[in-house]
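What follows is one structure encoded as structure tokens, with my remarks underneath.
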Amino acid sequence: MKILILSSEFHPFRGGIATYAMEMAKAASEAGHRVTVVAADYGAARQETFPFRIIRYRGGQHSAHELPRKIARVRRLMWEEPDFDVVHAADWPFHIPLALSHYRGSTRCIVSFHGTEASFMQHPKRALPLRLLRFWSGWAEYVANSADTATRLRDAFRLAPDAVRVTRL
């Protein structure tokens, strides 16, 4: 299986989502899957060796001004490599870029939630674009890191009880 993981936090950045994305990539590689990770370079010039491919883009910790760059990167990758079996947006900064790409509708898409997104995404300046994108229409598998996060998402966006699945590493 060919898997693409989109993560705004990844090594050398240290944090929960960076660890989550790294461990997913390692586990999938060890299971024999071909894994590609798209992540910021954090200004690091050196290239580490991992058992999977990393595509770096210039950037660091996510900020709103980086969203167009992420959208362009995902769209460009879709045209270069349309044959991924799974595309996983590991954190919210890649949810919209994935939703705007042609992977939506042609590839199995997964979006992960880690807790803070439920309140963050409810803000009107974020909720309206999500509504216009029909983000909650079921185009992707919605995955939460805990039962609490899943409940908060279901309640915040009036999702069906089975709309958000809980997974753990």
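Chain labels follow the order of the structure tokens: the first chain is A, the next B, and so on; residue numbering restarts at 1 in every chain, and ligands are counted from 1 in their shown order.
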
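Those residues that approach stretch 30-39 of chain A to within 7 Å, counting only C-alpha atoms, are Met1, Lys2, Ile3, Leu4, Ile5, Leu6, Ser7, Ser8, Glu9, Phe10, Ala25, Phe52, Arg53, Ile54, Ile55, Arg56 and Tyr57 of chain A; same-chain residues fewer than 5 positions away are not listed.
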
Quick one: write out the picked residues with all heavy atoms as a short mmCIF file (atom, residue, chain, number, x, y, z; two decimals), in the first residue's frame?
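Saved as out.cif:
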data_model
loop_
_atom_site.label_atom_id
_atom_site.label_comp_id
_atom_site.auth_asym_id
_atom_site.auth_seq_id
_atom_site.Cartn_x
_atom_site.Cartn_y
_atom_site.Cartn_z
N MET A 1 0.85 -1.18 0.00
CA MET A 1 0.00 0.00 0.00
C MET A 1 0.89 1.24 0.00
O MET A 1 1.92 1.28 0.65
CB MET A 1 -0.91 -0.02 1.24
CG MET A 1 -1.90 1.12 1.25
SD MET A 1 -3.03 1.14 2.66
CE MET A 1 -3.81 -0.44 2.52
N LYS A 2 0.47 2.26 -0.71
CA LYS A 2 1.21 3.51 -0.81
C LYS A 2 0.48 4.56 0.03
O LYS A 2 -0.69 4.87 -0.23
CB LYS A 2 1.30 3.93 -2.27
CG LYS A 2 2.29 5.03 -2.53
CD LYS A 2 2.46 5.24 -4.02
CE LYS A 2 3.33 6.45 -4.27
NZ LYS A 2 3.40 6.78 -5.69
N ILE A 3 1.16 5.09 1.06
CA ILE A 3 0.54 5.98 2.04
C ILE A 3 1.24 7.34 2.04
O ILE A 3 2.47 7.42 2.07
CB ILE A 3 0.63 5.37 3.45
CG1 ILE A 3 -0.10 4.01 3.49
CG2 ILE A 3 0.06 6.33 4.50
CD1 ILE A 3 0.15 3.21 4.75
N LEU A 4 0.43 8.40 2.07
CA LEU A 4 0.93 9.76 2.18
C LEU A 4 0.46 10.34 3.50
O LEU A 4 -0.74 10.31 3.81
CB LEU A 4 0.41 10.63 1.03
CG LEU A 4 0.73 12.12 1.07
CD1 LEU A 4 2.24 12.36 1.03
CD2 LEU A 4 0.03 12.84 -0.07
N ILE A 5 1.40 10.85 4.30
CA ILE A 5 1.08 11.50 5.58
C ILE A 5 1.44 12.97 5.47
O ILE A 5 2.58 13.30 5.15
CB ILE A 5 1.84 10.84 6.76
CG1 ILE A 5 1.45 9.36 6.89
CG2 ILE A 5 1.56 11.61 8.05
CD1 ILE A 5 2.29 8.59 7.88
N LEU A 6 0.47 13.83 5.70
CA LEU A 6 0.66 15.28 5.67
C LEU A 6 0.69 15.76 7.12
O LEU A 6 -0.28 15.58 7.85
CB LEU A 6 -0.49 15.95 4.93
CG LEU A 6 -0.79 15.42 3.53
CD1 LEU A 6 -2.14 15.94 3.04
CD2 LEU A 6 0.32 15.81 2.57
N SER A 7 1.80 16.37 7.53
CA SER A 7 1.89 16.81 8.92
C SER A 7 2.64 18.13 9.02
O SER A 7 3.75 18.26 8.49
CB SER A 7 2.61 15.76 9.77
OG SER A 7 2.64 16.16 11.12
N SER A 8 2.04 19.09 9.69
CA SER A 8 2.72 20.37 9.88
C SER A 8 3.72 20.31 11.01
O SER A 8 4.53 21.23 11.18
CB SER A 8 1.71 21.48 10.13
OG SER A 8 1.04 21.25 11.35
N GLU A 9 3.68 19.25 11.78
CA GLU A 9 4.67 19.04 12.85
C GLU A 9 5.34 17.70 12.61
O GLU A 9 4.68 16.67 12.52
CB GLU A 9 4.01 19.06 14.22
CG GLU A 9 3.42 20.40 14.59
CD GLU A 9 2.83 20.43 15.99
OE1 GLU A 9 3.04 19.47 16.77
OE2 GLU A 9 2.15 21.41 16.29
N PHE A 10 6.65 17.73 12.49
CA PHE A 10 7.41 16.51 12.24
C PHE A 10 8.85 16.77 12.62
O PHE A 10 9.29 17.92 12.70
CB PHE A 10 7.31 16.12 10.75
CG PHE A 10 7.67 14.70 10.48
CD1 PHE A 10 6.78 13.68 10.79
CD2 PHE A 10 8.89 14.37 9.95
CE1 PHE A 10 7.10 12.35 10.56
CE2 PHE A 10 9.23 13.05 9.71
CZ PHE A 10 8.33 12.04 10.01
N ALA A 25 4.36 6.80 10.54
CA ALA A 25 5.20 6.56 9.37
C ALA A 25 6.11 5.36 9.59
O ALA A 25 6.26 4.50 8.70
CB ALA A 25 6.00 7.81 9.04
N PHE A 52 11.40 5.78 5.35
CA PHE A 52 10.33 6.27 4.48
C PHE A 52 10.81 7.56 3.83
O PHE A 52 11.79 8.16 4.26
CB PHE A 52 9.03 6.50 5.26
CG PHE A 52 9.23 7.23 6.55
CD1 PHE A 52 9.29 8.62 6.59
CD2 PHE A 52 9.36 6.53 7.75
CE1 PHE A 52 9.49 9.29 7.78
CE2 PHE A 52 9.55 7.21 8.95
CZ PHE A 52 9.62 8.59 8.97
N ARG A 53 10.12 7.98 2.81
CA ARG A 53 10.49 9.19 2.08
C ARG A 53 9.87 10.42 2.76
O ARG A 53 8.74 10.37 3.22
CB ARG A 53 9.98 9.09 0.65
CG ARG A 53 10.36 10.26 -0.21
CD ARG A 53 9.93 10.03 -1.64
NE ARG A 53 8.52 10.31 -1.77
CZ ARG A 53 7.91 10.65 -2.88
NH1 ARG A 53 8.58 10.73 -4.00
NH2 ARG A 53 6.64 10.88 -2.91
N ILE A 54 10.64 11.51 2.80
CA ILE A 54 10.13 12.77 3.32
C ILE A 54 10.26 13.83 2.23
O ILE A 54 11.32 13.98 1.63
CB ILE A 54 10.90 13.24 4.57
CG1 ILE A 54 10.77 12.21 5.69
CG2 ILE A 54 10.38 14.59 5.04
CD1 ILE A 54 11.50 12.60 6.97
N ILE A 55 9.18 14.53 2.00
CA ILE A 55 9.18 15.68 1.11
C ILE A 55 9.06 16.91 2.01
O ILE A 55 8.08 17.07 2.72
CB ILE A 55 8.01 15.64 0.11
CG1 ILE A 55 8.11 14.41 -0.78
CG2 ILE A 55 7.97 16.93 -0.71
CD1 ILE A 55 6.90 14.20 -1.67
N ARG A 56 10.09 17.72 2.01
CA ARG A 56 10.12 18.91 2.86
C ARG A 56 9.68 20.15 2.07
O ARG A 56 9.98 20.28 0.89
CB ARG A 56 11.52 19.15 3.41
CG ARG A 56 12.04 18.04 4.29
CD ARG A 56 11.42 18.08 5.65
NE ARG A 56 12.06 17.10 6.53
CZ ARG A 56 11.78 17.00 7.80
NH1 ARG A 56 10.90 17.79 8.38
NH2 ARG A 56 12.39 16.09 8.54
N TYR A 57 8.99 21.04 2.76
CA TYR A 57 8.70 22.35 2.20
C TYR A 57 9.30 23.38 3.14
O TYR A 57 9.48 23.12 4.33
CB TYR A 57 7.19 22.57 2.00
CG TYR A 57 6.38 22.49 3.26
CD1 TYR A 57 6.17 23.62 4.06
CD2 TYR A 57 5.81 21.29 3.67
CE1 TYR A 57 5.44 23.54 5.23
CE2 TYR A 57 5.06 21.20 4.83
CZ TYR A 57 4.88 22.34 5.60
OH TYR A 57 4.14 22.26 6.76
#

Tell me which protein, DNA and RNA residues are within 7 Å of A:Phe113, counting only C-alpha atoms, leaving out same-chain ones fewer than 2 positions away, and put them as a list in words.
Asp91, Val111, Gly115, Glu117, Val143, Ala144 and Asn145 of chain A

Determine the nearest neighbour of A:Ala72 from the options A:Val164, A:Ser101, A:Ala44, A:Val87, counting only C-alpha atoms.
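Checking each candidate against A:Ala72, we get A:Ser101 as the closest.
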
Based on the backbone DSSP call, show me all residues of stretch 2-165 of chain A assigned strand (DSSP E), as a PyMOL selection string.
chain A and resi 2-6+34-40+53-57+86-89+108-113+141-144+164-165

With only C-alpha atoms as the counted atoms, please give the residues lying no more than 10 Å from A:Phe157, apart from itself and same-chain residues fewer than 6 positions off, as a PyMOL selection string.
chain A and resi 118+121-122+127+131+136

Based on the selection just made, write N, CA, C and O atoms of those residues as an mmCIF file, in the first residue's frame.
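Just written: result37.cif:
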data_model
loop_
_atom_site.group_PDB
_atom_site.id
_atom_site.type_symbol
_atom_site.label_atom_id
_atom_site.label_comp_id
_atom_site.auth_asym_id
_atom_site.auth_seq_id
_atom_site.Cartn_x
_atom_site.Cartn_y
_atom_site.Cartn_z
ATOM 1 N N ALA A 118 -11.702 20.931 18.092
ATOM 2 C CA ALA A 118 -13.152 21.089 18.251
ATOM 3 C C ALA A 118 -13.522 22.540 18.547
ATOM 4 O O ALA A 118 -14.412 23.097 17.909
ATOM 5 N N MET A 121 -11.943 25.025 15.515
ATOM 6 C CA MET A 121 -12.652 25.013 14.242
ATOM 7 C C MET A 121 -14.048 25.614 14.323
ATOM 8 O O MET A 121 -14.669 25.872 13.295
ATOM 9 N N GLN A 122 -14.540 25.854 15.519
ATOM 10 C CA GLN A 122 -15.857 26.457 15.681
ATOM 11 C C GLN A 122 -15.836 27.973 15.490
ATOM 12 O O GLN A 122 -16.879 28.574 15.270
ATOM 13 N N ALA A 127 -15.095 28.159 10.783
ATOM 14 C CA ALA A 127 -16.292 27.340 10.572
ATOM 15 C C ALA A 127 -16.940 27.613 9.216
ATOM 16 O O ALA A 127 -17.400 26.680 8.544
ATOM 17 N N ARG A 131 -17.687 24.910 6.294
ATOM 18 C CA ARG A 131 -19.062 24.691 5.831
ATOM 19 C C ARG A 131 -19.118 24.803 4.298
ATOM 20 O O ARG A 131 -19.731 23.988 3.626
ATOM 21 N N TRP A 136 -17.571 18.460 6.530
ATOM 22 C CA TRP A 136 -18.152 17.408 7.373
ATOM 23 C C TRP A 136 -19.095 16.493 6.592
ATOM 24 O O TRP A 136 -19.908 15.800 7.176
#

I need the residues of chain A that end up classed as alpha helix (DSSP H) by DSSP on the backbone, written out as JSON, numbers by chain.
{"A": [16, 17, 18, 19, 20, 21, 22, 23, 24, 25, 26, 27, 28, 29, 30, 67, 68, 69, 70, 71, 72, 73, 74, 75, 76, 77, 78, 79, 80, 95, 96, 97, 98, 99, 117, 118, 119, 120, 124, 125, 126, 127, 128, 129, 130, 131, 132, 147, 148, 149, 150, 151, 152, 153, 154, 155, 156, 157]}

At what distance in Å, to one decimal, does atom CA of A:Ser106 lie from atom CA of A:Ala28?
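So the answer is 21.3 Å.
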
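Here the question is which of A:Pro51, A:Pro82, A:Pro129, A:Pro161 gets nearest to A:His95 using only C-alpha atoms, and that residue is A:Pro129.
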
Please report the interatomic distance between atom CA of A:Leu67 and atom CA of A:Pro93 in Å with one decimal.
7.2 Å

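The interatomic distance for the pair atom CA of A:Ser146 and atom CA of A:Phe13 works out to 23.0 Å.
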
Using only C-alpha atoms for the distances, tell me which of A:Pro97, A:His123, A:Asp41, A:Ala163 is nearest to A:Gly59.
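Nearest candidate to A:Gly59 out of A:Pro97, A:His123, A:Asp41, A:Ala163: A:Asp41.
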